[in-house]
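Structure record follows, encoded as structure tokens.
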Amino acid sequence: MSIPQSGGGPIESRDQLAAWLESGSKPEADWRIGTEHEKFGFDRETLLPLPYEGRCSVLAMLEGLRDRHGWTPVLEGEHLIGLRKGDANVSLEPGGQLELSGAPLETIHQTCDEVNEHLREVQDVAERIGAGFIGLGAAPIWTHEQMPRMPKGRYRLMTDYMGRVGTHGTQMMYRTCTVQVNLDFGSEADMVKKMRVALALQPVATALFANSPFFEGAPNGHKSWRSRIWRDLDPARTGMLPFVFEDGFGFEAWVDYALDVPMYFVYRDGRYIDALGQSFRDFLDGRLPALPGEVPTLSDWADHLTTIFPEARVKKYIEMRGADGGPWRRLCALPALWVGLTYDRTALDAAWDLAKSWDAETREAWRVAASVDGLQANVGGQRMLDIARDVVGIAREGLKARARPGLGGMVADERHFLHALEDSIETGKVPADELLEQYHGPWGEDLTRIYGDYSY
């Protein structure tokens, strides 16, 4: 999850909220790719999650990355809770999941190099302290009581609130991981089309990257339990957002939606002030109970937008949020998929043609079916495998049209980053299927084998 935002003075009129979003619009030549991924750390001796402090711990990981690889520390009070290097940062999820939020880069070649460098650094430090890291959508064995709590004020507030508004919120916070990509838009109209494609086709990404078939030590009946968790978390801030597909959708409509999402907090002077369930509309009028008489800043607006969790999200860019965390090879496949679909105009039009006839009920049905059945999902007689084949084919043509070479020109474009997804379409199997085969086969239902066989 996000670190506190910065920059921006007091909000003097509501118009500034939409203008802040619109200021993210960029000419195509300036569009960038930001890849984020989370992973679970564990003690190789005990196979338990890393505590915050100790010899083999989250803190030891952060200190090792700081001392051995030149990262700058980020503190909350006296606690080391993150790192920065250039435009990239390393942060902590509530249960100690380690997240890389990558720099905005021009090509998938560059973002994949960044991912590879980060994981090599993580391996270096982890080997020294006796830790391991694994890419999965959900913790396969650990219970809620076994998960550590990171010393971040934001998470203390959210943990309390989640139990009031849904049944799976703390599972999301403490026992899931994702990989996502953040992409630019050129104008309001471009944002609208990309958001519609992003939301409508997000279940395809959920199916292709499904990688959480286990929970609390056994199969859970879903290919993506992480996706299942999001369906019963907090209806006020999650979902497929039918209003995005209505006439008139744009920055103002997103502002109206965001203003209706209850607040979590206000960040002031290094601490999180409890504003749970309060209204940003009241904050604009100086009537926020948590800070009576005070009006928000643009930083507060940016912070508030990080507490909204739909399947795709608008800030000054668009976040694609539907994929499970996964193995090393697939961390580069996700940006390849979405860049191919959205950064070429012909591909974007073709992607929208696939989904534009679906109504809200169909889009939601695909979301549910993808989490349960992955590529074997079927809605109304239509197969997810066929849709995924078309989607990946469109992405391939989009990457070909982009023609961004790598390795000093030795690689013509970015299409090879889709190979992992093309393999899944050829076999009909996603990572969850492979894990289940291992569990019922060679592992003999001994799920602890996952740590040795699938760690980075």
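How things are named: the first chain in the structure tokens is A, the next is B, and so on; residues count from 1 in each chain; ligands count from 1 in the order shown.
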DSSP on the backbone: which residues in segment 126-238 of chain A end up as strand (DSSP E or B)? Give the answer as a PyMOL selection string. chain A and resi 131-134+138+176+178-183+212+214-215+218-219+224
Generate a file of the selected residues that holds C-alpha atoms, formatted as an mmCIF file, in the first residue's frame.
```cif
data_model
loop_
_atom_site.group_PDB
_atom_site.id
_atom_site.type_symbol
_atom_site.label_atom_id
_atom_site.label_comp_id
_atom_site.auth_asym_id
_atom_site.auth_seq_id
_atom_site.Cartn_x
_atom_site.Cartn_y
_atom_site.Cartn_z
ATOM 1 C CA ALA A 131 14.936 -15.688 4.903
ATOM 2 C CA GLY A 132 13.126 -16.710 1.743
ATOM 3 C CA PHE A 133 10.585 -14.958 -0.475
ATOM 4 C CA ILE A 134 7.767 -16.405 -2.504
ATOM 5 C CA ALA A 138 -2.423 -15.543 -0.857
ATOM 6 C CA THR A 176 -2.476 -11.462 0.069
ATOM 7 C CA THR A 178 -0.483 -8.673 -5.972
ATOM 8 C CA VAL A 179 1.400 -7.537 -9.024
ATOM 9 C CA GLN A 180 0.055 -4.458 -10.776
ATOM 10 C CA VAL A 181 1.019 -1.986 -13.460
ATOM 11 C CA ASN A 182 0.419 1.755 -13.540
ATOM 12 C CA LEU A 183 -0.123 3.364 -16.945
ATOM 13 C CA SER A 212 -3.808 -18.556 -4.810
ATOM 14 C CA PHE A 214 -4.584 -22.604 -1.041
ATOM 15 C CA PHE A 215 -5.527 -20.941 2.226
ATOM 16 C CA ALA A 218 -5.624 -26.654 2.098
ATOM 17 C CA PRO A 219 -7.202 -26.037 -1.317
ATOM 18 C CA SER A 224 -7.595 -16.962 -7.114
#
```
Who sits within 8 Å of segment 98-108 of chain A, only C-alpha atoms, same chain under 6 positions skipped, as a PyMOL selection string: chain A and resi 31-41+86-92+114-115+118+332+335-336+404+414
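Proximity ranking of A:Leu21, A:Thr362, A:Val379, A:Glu53 relative to Leu305 of chain A places A:Leu21 first, based on only C-alpha atoms.
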For the helix (DSSP H, G or I) assignment from backbone DSSP, which residues of segment 146-205 of chain A qualify? Please present them as a PyMOL selection string. chain A and resi 146+153-165+169-175+188-205
